[in-house]
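Enquirer: This is the content of work28.cif (mmCIF, C-alpha atoms):
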data_final
loop_
_atom_site.label_atom_id
_atom_site.label_comp_id
_atom_site.auth_asym_id
_atom_site.auth_seq_id
_atom_site.Cartn_x
_atom_site.Cartn_y
_atom_site.Cartn_z
CA MET W 1 -33.80 174.64 220.97
CA ARG W 2 -32.14 177.67 219.50
CA THR W 3 -33.25 179.61 222.51
CA SER W 4 -30.88 177.77 224.79
CA ARG W 5 -27.91 178.26 222.50
CA LEU W 6 -28.75 181.92 222.18
CA ALA W 7 -29.06 182.10 225.93
CA LEU W 8 -25.68 180.43 226.30
CA PHE W 9 -23.98 182.91 224.01
CA ALA W 10 -25.81 185.79 225.60
CA ALA W 11 -24.67 184.63 229.00
CA THR W 12 -21.09 184.24 227.81
CA ALA W 13 -21.11 187.68 226.25
CA ALA W 14 -22.58 189.08 229.42
CA LEU W 15 -19.80 187.48 231.45
CA VAL W 16 -17.21 189.35 229.47
CA GLY W 17 -19.25 192.52 229.49
CA LEU W 18 -20.11 192.81 225.82
CA PRO W 19 -23.41 194.38 224.82
CA LEU W 20 -25.28 192.21 222.32
CA ALA W 21 -27.05 195.04 220.54
CA ALA W 22 -24.14 195.94 218.27
CA ALA W 23 -25.86 195.41 214.91
CA PRO W 24 -29.16 196.71 213.56
CA ALA W 25 -32.08 194.56 214.62
CA GLY W 26 -33.74 192.43 211.98
CA ALA W 27 -30.80 192.49 209.57
CA ALA W 28 -30.26 189.28 207.65
CA ASP W 29 -26.92 190.36 206.26
CA GLY W 30 -24.09 187.90 206.31
CA ASP W 31 -26.10 184.75 206.90
CA GLU W 32 -24.83 181.95 204.75
CA LEU W 33 -27.14 179.75 202.71
CA THR W 34 -26.29 176.46 201.07
CA ALA W 35 -27.89 174.06 198.62
CA GLU W 36 -27.11 170.55 197.52
CA LEU W 37 -27.91 170.27 193.82
CA THR W 38 -29.32 166.91 192.76
CA GLN W 39 -30.37 165.63 189.37
CA LEU W 40 -33.70 166.07 187.64
CA ASN W 41 -34.62 164.11 184.50
CA ASP W 42 -31.98 161.47 185.40
CA SER W 43 -29.45 163.94 184.00
CA GLY W 44 -26.57 162.65 186.13
CA ALA W 45 -25.81 166.24 187.18
CA SER W 46 -25.01 167.27 190.76
CA GLY W 47 -23.36 170.10 192.63
CA THR W 48 -23.49 172.55 195.49
CA ALA W 49 -24.46 176.18 195.84
CA TRP W 50 -23.56 178.79 198.44
CA ALA W 51 -24.96 182.27 198.90
CA THR W 52 -24.92 185.18 201.28
CA VAL W 53 -27.04 188.31 201.30
CA ASP W 54 -25.63 191.77 202.06
CA GLY W 55 -28.33 194.42 201.77
CA THR W 56 -29.64 193.98 198.23
CA ASN W 57 -26.49 192.19 197.04
CA VAL W 58 -26.62 188.42 196.72
CA GLU W 59 -23.21 186.79 196.47
CA ILE W 60 -23.63 183.34 195.02
CA SER W 61 -21.40 180.50 193.90
CA LEU W 62 -22.15 177.18 192.23
CA GLU W 63 -20.06 174.08 191.71
CA THR W 64 -21.50 171.61 189.21
CA GLN W 65 -20.61 168.22 187.78
CA GLY W 66 -22.09 165.82 185.25
CA LEU W 67 -23.71 168.28 182.85
CA LEU W 68 -23.59 168.14 179.04
CA ASP W 69 -20.19 169.47 177.99
CA GLY W 70 -19.93 172.24 175.40
CA ALA W 71 -23.54 173.37 175.73
CA PRO W 72 -24.85 176.39 177.66
CA HIS W 73 -26.50 175.77 181.00
CA ALA W 74 -29.12 178.37 181.86
CA GLN W 75 -29.17 178.77 185.64
CA HIS W 76 -31.48 180.75 187.90
CA ILE W 77 -32.68 181.38 191.37
CA HIS W 78 -36.37 180.50 191.30
CA ILE W 79 -38.68 181.82 194.02
CA GLY W 80 -42.29 180.84 194.52
CA GLY W 81 -44.41 177.70 194.33
CA GLN W 82 -43.48 175.61 197.35
CA ASN W 83 -39.84 176.79 197.25
CA THR W 84 -38.81 173.16 196.77
CA CYS W 85 -37.36 170.89 194.09
CA PRO W 86 -39.40 168.30 192.19
CA ALA W 87 -38.38 164.65 192.66
CA ASN W 88 -35.95 163.26 190.10
CA ASP W 89 -38.58 160.75 188.94
CA LYS W 90 -41.24 163.39 188.39
CA GLU W 91 -42.38 163.30 184.76
CA GLY W 92 -43.68 166.10 182.58
CA ASN W 93 -44.69 167.13 179.09
CA GLY W 94 -41.29 166.76 177.41
CA PHE W 95 -39.46 164.10 175.38
CA GLU W 96 -40.73 160.67 176.50
CA GLY W 97 -42.21 162.20 179.64
CA ALA W 98 -39.24 164.42 180.45
CA LEU W 99 -39.81 167.18 182.98
CA GLN W 100 -39.86 170.55 181.26
CA THR W 101 -39.14 173.73 183.18
CA SER W 102 -42.79 174.72 183.54
CA ASP W 103 -43.68 171.22 184.79
CA GLY W 104 -41.71 171.98 187.96
CA ALA W 105 -43.20 175.42 188.57
CA ASP W 106 -45.55 174.16 191.29
CA GLU W 107 -42.45 173.21 193.26
CA TYR W 108 -39.91 175.95 192.49
CA GLY W 109 -41.98 178.82 191.10
CA PRO W 110 -40.84 181.28 188.41
CA ILE W 111 -37.36 182.66 187.72
CA ALA W 112 -36.39 185.47 190.12
CA VAL W 113 -32.69 185.95 189.27
CA THR W 114 -30.74 184.85 186.19
CA LEU W 115 -27.25 183.61 187.01
CA THR W 116 -25.36 184.84 183.96
CA LYS W 117 -21.62 185.37 183.82
CA GLU W 118 -20.30 188.95 183.93
CA PRO W 119 -21.41 191.19 182.28
CA GLY W 120 -24.67 189.41 181.41
CA MET W 121 -27.99 190.75 182.64
CA THR W 122 -29.50 189.09 185.69
CA GLY W 123 -33.22 189.93 185.60
CA ALA W 124 -35.89 187.26 185.14
CA GLU W 125 -36.49 188.49 181.58
CA HIS W 126 -32.93 187.47 180.73
CA GLY W 127 -33.54 183.88 181.75
CA LEU W 128 -32.60 182.52 178.34
CA ASP W 129 -29.64 184.72 177.39
CA VAL W 130 -27.87 181.53 176.35
CA ALA W 131 -24.60 183.18 175.33
CA ASP W 132 -24.02 184.32 178.92
CA PHE W 133 -24.17 180.97 180.73
CA PRO W 134 -21.43 178.48 181.63
CA ALA W 135 -21.13 175.76 178.98
CA GLU W 136 -18.99 173.07 180.57
CA ALA W 137 -19.81 169.67 182.07
CA SER W 138 -18.32 170.80 185.40
CA TYR W 139 -17.86 174.41 186.34
CA SER W 140 -17.39 176.85 189.19
CA TYR W 141 -19.54 179.94 188.98
CA SER W 142 -19.38 182.95 191.27
CA ARG W 143 -20.98 186.36 191.05
CA THR W 144 -22.41 189.12 193.25
CA ILE W 145 -25.77 190.30 191.94
CA GLU W 146 -27.88 193.27 192.97
CA VAL W 147 -31.52 192.30 193.45
CA SER W 148 -34.68 193.95 194.76
CA GLN W 149 -35.18 194.26 198.49
CA GLU W 150 -37.99 191.72 198.27
CA VAL W 151 -35.84 189.14 196.48
CA ALA W 152 -32.95 189.74 198.87
CA GLN W 153 -35.24 189.06 201.83
CA GLN W 154 -36.74 185.98 200.17
CA VAL W 155 -33.30 184.53 199.45
CA ALA W 156 -32.17 185.27 203.01
CA ASN W 157 -35.29 183.55 204.31
CA GLY W 158 -34.40 180.37 202.42
CA ASP W 159 -37.07 180.70 199.72
CA GLY W 160 -34.65 180.51 196.79
CA VAL W 161 -34.29 177.37 194.67
CA ILE W 162 -31.34 176.96 192.29
CA VAL W 163 -32.21 175.33 188.97
CA VAL W 164 -29.60 174.46 186.33
CA HIS W 165 -30.94 173.63 182.88
CA GLY W 166 -29.92 171.67 179.80
CA VAL W 167 -30.33 167.89 179.45
CA ASP W 168 -29.15 165.71 176.55
CA HIS W 169 -32.01 163.19 176.76
CA ASP W 170 -31.08 161.27 173.62
CA GLY W 171 -27.33 161.26 174.25
CA SER W 172 -26.53 162.94 170.93
CA GLY W 173 -23.94 165.22 172.49
CA GLU W 174 -25.88 168.40 171.76
CA TYR W 175 -29.24 170.03 172.32
CA ASP W 176 -31.54 168.76 169.57
CA GLY W 177 -34.69 166.74 169.01
CA ASP W 178 -38.18 167.54 167.77
CA THR W 179 -39.61 168.59 171.12
CA LYS W 180 -39.51 172.37 171.42
CA SER W 181 -38.80 174.25 174.61
CA ASP W 182 -41.82 175.24 176.69
CA LEU W 183 -40.02 178.54 177.34
CA ASP W 184 -38.93 179.43 173.79
CA PRO W 185 -40.19 177.54 170.71
CA GLU W 186 -37.01 178.55 168.90
CA LEU W 187 -34.99 176.29 171.21
CA PRO W 188 -35.03 172.51 171.54
CA SER W 189 -36.56 171.39 174.83
CA GLU W 190 -33.23 169.76 175.76
CA ALA W 191 -31.69 173.23 176.05
CA THR W 192 -34.07 174.34 178.79
CA ASP W 193 -35.22 171.16 180.55
CA PRO W 194 -34.05 171.22 184.20
CA ALA W 195 -30.93 169.14 184.89
CA ALA W 196 -30.26 169.86 188.58
CA CYS W 197 -32.05 171.55 191.45
CA GLY W 198 -31.27 172.52 195.03
CA GLU W 199 -33.03 174.47 197.76
CA LEU W 200 -31.00 177.33 199.26
CA ASN W 201 -31.43 176.94 203.00
CA PRO W 202 -29.86 179.00 205.81
CA ALA W 203 -26.83 177.24 207.27
CA GLN W 204 -27.41 176.01 210.81
CA MET W 205 -24.07 177.44 212.00
CA ALA W 206 -21.43 180.05 211.31
CA MET W 207 -19.56 177.88 208.81
CA PRO W 208 -15.82 177.55 209.53
CA HIS W 209 -13.33 178.53 206.82
CA GLY W 210 -10.60 176.35 205.39
CA GLY W 211 -9.50 172.86 206.27
CA VAL W 212 -9.08 171.61 209.81
CA GLU W 213 -5.56 171.42 211.27
CA THR W 214 -5.99 168.23 213.22
CA GLY W 215 -2.62 166.87 212.20
CA GLY W 216 0.48 166.01 214.15
CA SER W 217 3.43 168.18 214.99
CA SER W 218 2.06 171.29 213.28
CA THR W 219 -0.39 171.77 216.09
CA SER W 220 0.96 169.90 219.10
CA GLY W 221 1.70 172.08 222.06
CA VAL W 222 0.45 175.23 220.40
CA GLU W 223 -1.82 177.00 222.78
CA TYR W 224 -4.20 179.68 221.58
CA PRO W 225 -2.17 182.69 220.48
CA ALA W 226 -2.13 185.40 223.08
CA ALA W 227 -3.53 187.76 220.45
CA ILE W 228 -6.91 186.11 220.91
CA GLY W 229 -7.58 187.98 224.08
CA PHE W 230 -10.90 188.13 225.77
CA GLY W 231 -11.89 191.12 223.66
CA THR W 232 -11.70 189.28 220.35
CA LEU W 233 -13.32 186.25 221.88
CA ALA W 234 -16.14 188.34 223.22
CA LEU W 235 -16.67 189.98 219.85
CA ALA W 236 -16.84 186.59 218.18
CA LEU W 237 -19.29 185.33 220.74
CA GLY W 238 -21.37 188.45 220.38
CA ALA W 239 -21.54 187.89 216.63
CA PHE W 240 -22.69 184.33 217.21
CA GLY W 241 -25.40 185.55 219.50
CA LEU W 242 -26.65 187.92 216.84
CA VAL W 243 -26.59 185.23 214.20
CA ALA W 244 -28.58 182.96 216.47
CA ALA W 245 -31.06 185.74 217.14
CA ARG W 246 -31.50 186.42 213.45
CA ARG W 247 -32.05 182.77 212.66
CA ARG W 248 -34.79 182.58 215.23
CA ALA W 249 -36.47 185.46 213.57
CA THR W 250 -36.19 184.18 210.03
CA ILE W 251 -36.80 180.40 210.23
CA MET P 1 -35.40 161.08 212.42
CA LYS P 2 -37.01 163.65 214.65
CA PRO P 3 -34.44 166.14 215.96
CA LEU P 4 -33.55 166.16 219.65
CA ARG P 5 -33.54 169.21 221.88
CA ALA P 6 -30.27 171.10 222.14
CA SER P 7 -27.90 169.50 224.64
CA GLU P 8 -24.14 169.71 224.53
CA PRO P 9 -22.11 166.58 223.84
CA THR P 10 -20.07 165.14 226.72
CA ALA P 11 -18.54 161.96 225.25
CA VAL P 12 -18.26 160.07 221.96
CA ARG P 13 -17.75 156.40 221.11
CA ILE P 14 -16.99 154.80 217.75
CA PRO P 15 -16.94 151.06 218.64
CA SER P 16 -15.79 149.89 215.19
CA ILE P 17 -12.43 151.65 215.60
CA GLY P 18 -12.21 151.51 219.40
CA VAL P 19 -12.60 155.24 220.00
CA GLU P 20 -13.91 156.47 223.32
CA SER P 21 -13.33 160.08 224.39
CA PRO P 22 -14.76 162.91 226.43
CA VAL P 23 -15.89 165.87 224.32
CA HIS P 24 -15.16 169.57 224.93
CA GLY P 25 -16.35 172.64 223.06
CA LEU P 26 -14.18 174.79 220.74
CA GLY P 27 -14.93 177.79 218.56
CA LEU P 28 -13.38 179.60 215.62
CA ASP P 29 -10.15 181.56 215.55
CA GLU P 30 -9.96 185.18 214.38
CA GLU P 31 -9.76 184.04 210.75
CA GLY P 32 -12.90 181.95 211.02
CA ARG P 33 -11.02 178.66 211.15
CA LEU P 34 -11.97 175.85 213.45
CA GLN P 35 -9.75 175.77 216.54
CA VAL P 36 -8.26 172.38 217.34
CA PRO P 37 -7.76 170.54 220.66
CA SER P 38 -4.63 171.67 222.49
CA GLY P 39 -2.77 171.43 225.79
CA GLU P 40 -4.14 168.87 228.22
CA LEU P 41 -7.11 168.22 225.95
CA TYR P 42 -4.95 167.59 222.87
CA ASP P 43 -5.89 163.91 222.60
CA GLN P 44 -9.61 164.42 223.19
CA VAL P 45 -12.45 165.01 220.77
CA ALA P 46 -13.82 168.55 220.39
CA TRP P 47 -17.25 169.75 219.30
CA TYR P 48 -17.51 172.99 217.31
CA ASP P 49 -19.74 174.94 219.69
CA GLY P 50 -21.14 177.08 216.86
CA SER P 51 -22.59 173.97 215.20
CA PRO P 52 -25.83 172.28 216.28
CA SER P 53 -25.49 169.96 219.25
CA PRO P 54 -25.47 166.29 218.15
CA GLY P 55 -29.10 165.27 217.58
CA GLU P 56 -30.37 168.77 216.74
CA ALA P 57 -31.33 169.51 213.13
CA GLY P 58 -28.25 170.32 211.07
CA PRO P 59 -24.69 169.01 210.92
CA ALA P 60 -23.04 168.73 214.35
CA VAL P 61 -19.27 168.98 213.96
CA LEU P 62 -16.75 166.87 215.93
CA GLU P 63 -12.99 166.95 215.38
CA GLY P 64 -9.90 165.32 216.80
CA HIS P 65 -6.21 164.90 216.03
CA VAL P 66 -4.84 162.01 214.02
CA THR P 67 -1.37 162.17 215.59
CA GLY P 68 0.44 164.11 218.27
CA ALA P 69 4.00 165.19 218.92
CA GLY P 70 6.46 162.72 217.40
CA TYR P 71 3.65 161.32 215.27
CA ALA P 72 2.23 159.34 218.19
CA PRO P 73 -1.30 158.18 217.41
CA SER P 74 -4.00 160.53 218.71
CA VAL P 75 -7.72 159.94 219.23
CA PHE P 76 -8.70 159.77 215.54
CA PHE P 77 -5.66 157.82 214.27
CA GLU P 78 -8.05 155.16 212.94
CA LEU P 79 -10.88 157.45 211.78
CA GLY P 80 -10.13 156.78 208.12
CA ALA P 81 -10.89 153.10 208.74
CA THR P 82 -14.55 153.73 209.55
CA ARG P 83 -16.98 152.39 207.00
CA ARG P 84 -20.51 153.11 205.87
CA GLY P 85 -22.93 151.65 208.41
CA ASP P 86 -20.60 152.02 211.42
CA LEU P 87 -22.26 153.53 214.48
CA ILE P 88 -21.17 156.67 216.35
CA GLU P 89 -22.64 157.24 219.81
CA VAL P 90 -22.64 160.69 221.37
CA ASP P 91 -23.54 161.14 225.04
CA ARG P 92 -25.21 164.45 225.81
CA ALA P 93 -25.40 166.64 228.89
CA ASP P 94 -29.11 165.85 229.32
CA GLY P 95 -28.27 162.17 229.86
CA SER P 96 -29.42 161.02 226.43
CA THR P 97 -27.29 159.33 223.80
CA ALA P 98 -27.60 160.24 220.12
CA THR P 99 -26.58 157.39 217.82
CA PHE P 100 -25.51 158.14 214.26
CA LYS P 101 -24.85 155.80 211.34
CA VAL P 102 -21.97 156.53 208.95
CA THR P 103 -23.20 157.33 205.42
CA GLU P 104 -19.92 158.33 203.78
CA VAL P 105 -16.18 158.63 204.49
CA LYS P 106 -14.37 161.25 202.40
CA SER P 107 -10.80 162.37 202.06
CA SER P 108 -10.20 165.83 200.68
CA PRO P 109 -7.19 168.12 200.20
CA LYS P 110 -7.36 170.88 202.81
CA ASP P 111 -7.13 173.57 200.16
CA GLU P 112 -10.21 172.11 198.44
CA PHE P 113 -12.14 171.51 201.64
CA PRO P 114 -15.79 170.75 200.70
CA ARG P 115 -17.17 173.47 202.93
CA VAL P 116 -20.78 173.31 201.73
CA ASP P 117 -20.96 169.49 201.92
CA VAL P 118 -19.51 169.47 205.43
CA TYR P 119 -21.03 172.54 207.08
CA GLY P 120 -24.01 173.34 204.83
CA ALA P 121 -27.65 173.10 205.81
CA THR P 122 -29.19 169.64 206.23
CA ASP P 123 -32.83 168.70 206.65
CA GLY P 124 -32.36 166.39 209.62
CA PRO P 125 -29.85 165.76 212.41
CA GLU P 126 -26.46 164.77 211.04
CA LEU P 127 -22.90 164.45 212.27
CA ARG P 128 -19.52 165.33 210.76
CA VAL P 129 -16.35 163.89 212.27
CA ILE P 130 -13.12 165.46 211.01
CA THR P 131 -9.44 164.67 211.34
CA CYS P 132 -6.31 164.91 209.22
CA GLY P 133 -4.93 162.41 206.78
CA GLY P 134 -3.16 161.89 203.52
CA THR P 135 0.44 162.81 202.88
CA PHE P 136 2.34 164.46 205.71
CA ASP P 137 4.22 167.43 204.27
CA LYS P 138 7.40 167.49 206.34
CA GLU P 139 8.45 170.94 205.18
CA ALA P 140 5.13 172.49 206.04
CA GLY P 141 4.73 170.27 209.08
CA ARG P 142 1.17 169.34 208.30
CA HIS P 143 -1.05 166.72 206.72
CA LEU P 144 -2.33 167.76 203.31
CA ASP P 145 -5.77 166.18 203.56
CA ASN P 146 -8.76 166.09 205.85
CA VAL P 147 -10.66 162.88 206.49
CA ILE P 148 -14.36 163.60 206.97
CA VAL P 149 -16.94 161.09 208.20
CA PHE P 150 -20.57 161.90 207.37
CA ALA P 151 -23.30 160.32 209.52
CA LYS P 152 -27.03 160.59 210.13
CA LEU P 153 -28.99 160.25 213.37
CA VAL P 154 -30.61 156.83 213.75
CA THR P 155 -31.72 156.85 217.40
CA GLY P 156 -31.81 159.55 220.01
#
Once more with this new file: its structure as structure tokens, please.

Expert:
Amino acid sequence: MRTSRLALFAATAALVGLPLAAAPAGAADGDELTAELTQLNDSGASGTAWATVDGTNVEISLETQGLLDGAPHAQHIHIGGQNTCPANDKEGNGFEGALQTSDGADEYGPIAVTLTKEPGMTGAEHGLDVADFPAEASYSYSRTIEVSQEVAQQVANGDGVIVVHGVDHDGSGEYDGDTKSDLDPELPSEATDPAACGELNPAQMAMPHGGVETGGSSTSGVEYPAAIGFGTLALALGAFGLVAARRRATI
Amino acid sequence: MKPLRASEPTAVRIPSIGVESPVHGLGLDEEGRLQVPSGELYDQVAWYDGSPSPGEAGPAVLEGHVTGAGYAPSVFFELGATRRGDLIEVDRADGSTATFKVTEVKSSPKDEFPRVDVYGATDGPELRVITCGGTFDKEAGRHLDNVIVFAKLVTG
């Protein structure tokens, strides 16, 4: 099905005389990935994630809601397992059957990248650098992180899973309780239990920017600006063709 | 729902609000923004031709104007009145019709456009139908919000 769209763009580019081989073959740079974050452990948390890979740089942003306010939320890109999220009703070894982080490892695998704020460290071994994580109920997080070539390729392929941690099971307003974290016995399990999860998948299009100007008089009668000549159009179409080609290779 | 093969949309109907329109393809402008219907096609629905075709896996994107010159109603004047469960039928070039069911109707300020929700990856075939709404800013000459209808394929 992608073949025909690719063919269409290729044909269009050919019509306007643009060679399609303008970028290095096999590059995954610039593809956008998105994730819808949904709750685990009935945490009430949700959100979205967006990422793009440029060489070994992963630019990533998260928008979250419904987390425990005033407590740090460890957040990572996990890679491995089945590269999926557990179901919200999946139970584990935590407080009254709560899912602990390691209980979901079959689905999302181990930590690959730690999503700390600048200038926190981002390696897997820094997964619990609690001072470096966002600590609000709702937050916007954005950072560009250098990763290994392998991780960059895995994220670009759609193998990354975003997990945000920290669940106030007993509603006390802070991380506490007798159950200790499966990751660090010095921490209560509430501090590290997964609260939200989302699979980073390649977007199925070049995602438009900004809102859509489908209003009234602002747009009526305005034809395409002359500046968008055939050259620009052809370049854009060529880029689409390449994106389509890359997707075929990576999905 | 199993995705359909790629086939470009030719017409769309939303019976609950009396919409019936041919569909043409549009791309992005040089800033990566979605172009909008203009000229003779101003009052018709457009499909973003970089998005999946309706019925393919992923979110197919349709858009249309809410009003035209002099604030005359355009094709999606009533789009904000659609409700969860309403049906949207899209005819395709291969002769098939993809039918979607509305799952959510959102209004969002344009400067906080929920880009990931609207254009981000989906597991199955979905549809996004976009127009303008909210307050009309007379100084800027534009509506401040976008109305976005989210729908999922039910039959193809």

Enquirer: Which value, in Å to one decimal, gives the distance between CA of Glu213 in chain W and CA of Leu34 in chain P?

Expert: 8.1 Å

Enquirer: Could you give me, as a PyMOL selection string, the residues within 9 Å of Asp176 in chain W, counting all atoms listed in the file and dropping anything in the same chain fewer than 2 positions from it?

Expert: chain W and resi 168+170+172-174+178-180+187-191

Enquirer: For CA of Gly64 in chain P and CA of Phe77 in chain P, quote the distance in Å rounded to one decimal.

Expert: 9.0 Å

Enquirer: Name every residue that the PyMOL selection byres ((chain P) within 6 of (chain W)) selects in this structure, writing the answer as an mmCIF file with C-alpha atoms, in the frame of the given file with chains first and numbers rising.

Expert:
data_model
loop_
_atom_site.group_PDB
_atom_site.id
_atom_site.type_symbol
_atom_site.label_atom_id
_atom_site.label_comp_id
_atom_site.auth_asym_id
_atom_site.auth_seq_id
_atom_site.Cartn_x
_atom_site.Cartn_y
_atom_site.Cartn_z
ATOM 1 C CA ARG P 5 -33.540 169.210 221.880
ATOM 2 C CA ALA P 6 -30.270 171.100 222.140
ATOM 3 C CA GLY P 32 -12.900 181.950 211.020
ATOM 4 C CA ARG P 33 -11.020 178.660 211.150
ATOM 5 C CA LEU P 34 -11.970 175.850 213.450
ATOM 6 C CA GLY P 39 -2.770 171.430 225.790
ATOM 7 C CA GLY P 50 -21.140 177.080 216.860
ATOM 8 C CA SER P 51 -22.590 173.970 215.200
ATOM 9 C CA GLY P 58 -28.250 170.320 211.070
ATOM 10 C CA HIS P 65 -6.210 164.900 216.030
ATOM 11 C CA VAL P 66 -4.840 162.010 214.020
ATOM 12 C CA THR P 67 -1.370 162.170 215.590
ATOM 13 C CA GLY P 68 0.440 164.110 218.270
ATOM 14 C CA ALA P 69 4.000 165.190 218.920
ATOM 15 C CA TYR P 71 3.650 161.320 215.270
ATOM 16 C CA LYS P 110 -7.360 170.880 202.810
ATOM 17 C CA PHE P 113 -12.140 171.510 201.640
ATOM 18 C CA TYR P 119 -21.030 172.540 207.080
ATOM 19 C CA GLY P 120 -24.010 173.340 204.830
ATOM 20 C CA ALA P 121 -27.650 173.100 205.810
ATOM 21 C CA THR P 131 -9.440 164.670 211.340
ATOM 22 C CA CYS P 132 -6.310 164.910 209.220
ATOM 23 C CA GLY P 141 4.730 170.270 209.080
ATOM 24 C CA ARG P 142 1.170 169.340 208.300
ATOM 25 C CA HIS P 143 -1.050 166.720 206.720
#

Enquirer: With all atoms listed in the file as the basis for distance, which of P:Val90, P:Glu126, P:Phe76, P:Asn146 is at the shortest distance from Glu112 in chain P?

Expert: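 Closest to Glu112 in chain P of all the choices is P:Asn146.
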
Enquirer: Would you work out the distance separating CA of Asn41 in chain W from CA of Asn88 in chain W, expressed in Å to one decimal?

Expert: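 Computed distance, CA of Asn41 in chain W to CA of Asn88 in chain W, equals 5.8 Å.
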
Enquirer: Applied to this file, what does the PyMOL selection byres ((chain P and resi 55) around 10) return in terms of residues, put as a ChimeraX atom specification?

Expert: /P:1-9,52-54,56-60,90,92,96-100,124-127,152-156

Enquirer: Evaluate the PyMOL selection byres ((chain P and resi 88) around 8) against this structure - the residues, as number ranges by chain, please.

Expert: P: 12-15, 86-87, 89-90, 99-102

Enquirer: Keeping only C-alpha atoms, write those residues as a compact mmCIF listing (two decimals), keeping the file's coordinate frame.

Expert:
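In the end it all went to again33.txt:
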# COMPACT_ATOMS: atom_id res chain seq x y z
CA VAL P 12 -18.26 160.07 221.96
CA ARG P 13 -17.75 156.40 221.11
CA ILE P 14 -16.99 154.80 217.75
CA PRO P 15 -16.94 151.06 218.64
CA ASP P 86 -20.60 152.02 211.42
CA LEU P 87 -22.26 153.53 214.48
CA GLU P 89 -22.64 157.24 219.81
CA VAL P 90 -22.64 160.69 221.37
CA THR P 99 -26.58 157.39 217.82
CA PHE P 100 -25.51 158.14 214.26
CA LYS P 101 -24.85 155.80 211.34
CA VAL P 102 -21.97 156.53 208.95

Enquirer: Quick one: of P:Ile148, P:Ser16, P:Gly80, P:Gln35, who's nearest to Asp117 in chain P, counting only C-alpha atoms?

Expert: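 Looking only at the distances to Asp117 in chain P, the closest residue turns out to be P:Ile148.
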
Enquirer: Measuring between all atoms listed in the file, which one of W:Leu40, W:Val151, W:Val113, W:Ala74 shows the shortest distance to Gly166 in chain W?

Expert: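 Of W:Leu40, W:Val151, W:Val113, W:Ala74, the one nearest Gly166 in chain W, counting all atoms listed in the file, is W:Ala74.
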
Enquirer: Just the residues within 8 Å of Asp103 in chain W, please, counting all atoms listed in the file, with nothing from its chain fewer than 4 positions along; format it as a VMD selection string.

Expert: chain W and resid 92 to 93 99

Enquirer: Residues near range 138-141 of chain W, anyone? I mean within 9 Å using all atoms listed in the file, not counting same-chain ones fewer than 4 positions away, as a PyMOL selection string.

Expert: chain W and resi 45+47+60-69+115+117+134

Enquirer: Pick from W:Asp54, W:Glu59, W:Glu125, W:Glu186: nearest to Ser142 in chain W, with all atoms listed in the file counted?

Expert: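 Selected residue with least distance to Ser142 in chain W: W:Glu59.
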
Enquirer: Taking every listed atom of range 135-150 of chain P and adding 5 Å to each side, what centre and edge lengths in Å (one decimal) does the axis-aligned box have, as AutoDock Vina command-line options?

Expert:
--center_x -6.1 --center_y 166.8 --center_z 206.0 --size_x 39.0 --size_y 21.4 --size_z 16.2

Enquirer: Excluding Pro72 in chain W and any residue of its chain fewer than 3 positions from it, enumerate the residues within 7 Å of it, using only C-alpha atoms, and give them as a list in words.

Expert: Val130, Phe133, Pro134 and Ala135 of chain W

Enquirer: For the selection just defined, write its residues with C-alpha atoms to a file, as a PDB file, in the frame of the given file.

Expert:
ATOM      1  CA  VAL W 130     -27.870 181.530 176.350  1.00  0.00           C
ATOM      2  CA  PHE W 133     -24.170 180.970 180.730  1.00  0.00           C
ATOM      3  CA  PRO W 134     -21.430 178.480 181.630  1.00  0.00           C
ATOM      4  CA  ALA W 135     -21.130 175.760 178.980  1.00  0.00           C
TER       5      ALA W 135
END

Enquirer: As a list in words, please: the residues near range 40-47 of chain P (cut-off 6 Å, all atoms listed in the file, same-chain neighbours under 4 positions excluded).

Expert: Ser21, Val23, His24, Gly25, Val61, Leu62, Glu63, Gly64, Ser74 and Val75 of chain P

Enquirer: Fix up range 36-41 of chain P with N, CA, C and O atoms, then write it as a PDB file, in the frame of the given file.

Expert:
ATOM      1  N   VAL P  36      -8.450 173.823 217.153  1.00  0.00           N
ATOM      2  CA  VAL P  36      -8.260 172.380 217.340  1.00  0.00           C
ATOM      3  C   VAL P  36      -7.830 172.097 218.775  1.00  0.00           C
ATOM      4  O   VAL P  36      -7.291 172.982 219.453  1.00  0.00           O
ATOM      5  N   PRO P  37      -8.096 170.869 219.269  1.00  0.00           N
ATOM      6  CA  PRO P  37      -7.760 170.540 220.660  1.00  0.00           C
ATOM      7  C   PRO P  37      -6.276 170.805 220.942  1.00  0.00           C
ATOM      8  O   PRO P  37      -5.414 170.551 220.097  1.00  0.00           O
ATOM      9  N   SER P  38      -6.006 171.325 222.148  1.00  0.00           N
ATOM     10  CA  SER P  38      -4.630 171.670 222.490  1.00  0.00           C
ATOM     11  C   SER P  38      -4.403 171.453 223.974  1.00  0.00           C
ATOM     12  O   SER P  38      -5.349 171.191 224.735  1.00  0.00           O
ATOM     13  N   GLY P  39      -3.126 171.540 224.384  1.00  0.00           N
ATOM     14  CA  GLY P  39      -2.770 171.430 225.790  1.00  0.00           C
ATOM     15  C   GLY P  39      -3.188 170.082 226.370  1.00  0.00           C
ATOM     16  O   GLY P  39      -3.025 169.046 225.730  1.00  0.00           O
ATOM     17  N   GLU P  40      -3.765 170.117 227.545  1.00  0.00           N
ATOM     18  CA  GLU P  40      -4.140 168.870 228.220  1.00  0.00           C
ATOM     19  C   GLU P  40      -5.252 168.119 227.482  1.00  0.00           C
ATOM     20  O   GLU P  40      -5.439 166.925 227.680  1.00  0.00           O
ATOM     21  N   LEU P  41      -5.995 168.859 226.655  1.00  0.00           N
ATOM     22  CA  LEU P  41      -7.110 168.220 225.950  1.00  0.00           C
ATOM     23  C   LEU P  41      -6.723 167.796 224.531  1.00  0.00           C
ATOM     24  O   LEU P  41      -7.581 167.447 223.719  1.00  0.00           O
TER      25      LEU P  41
END
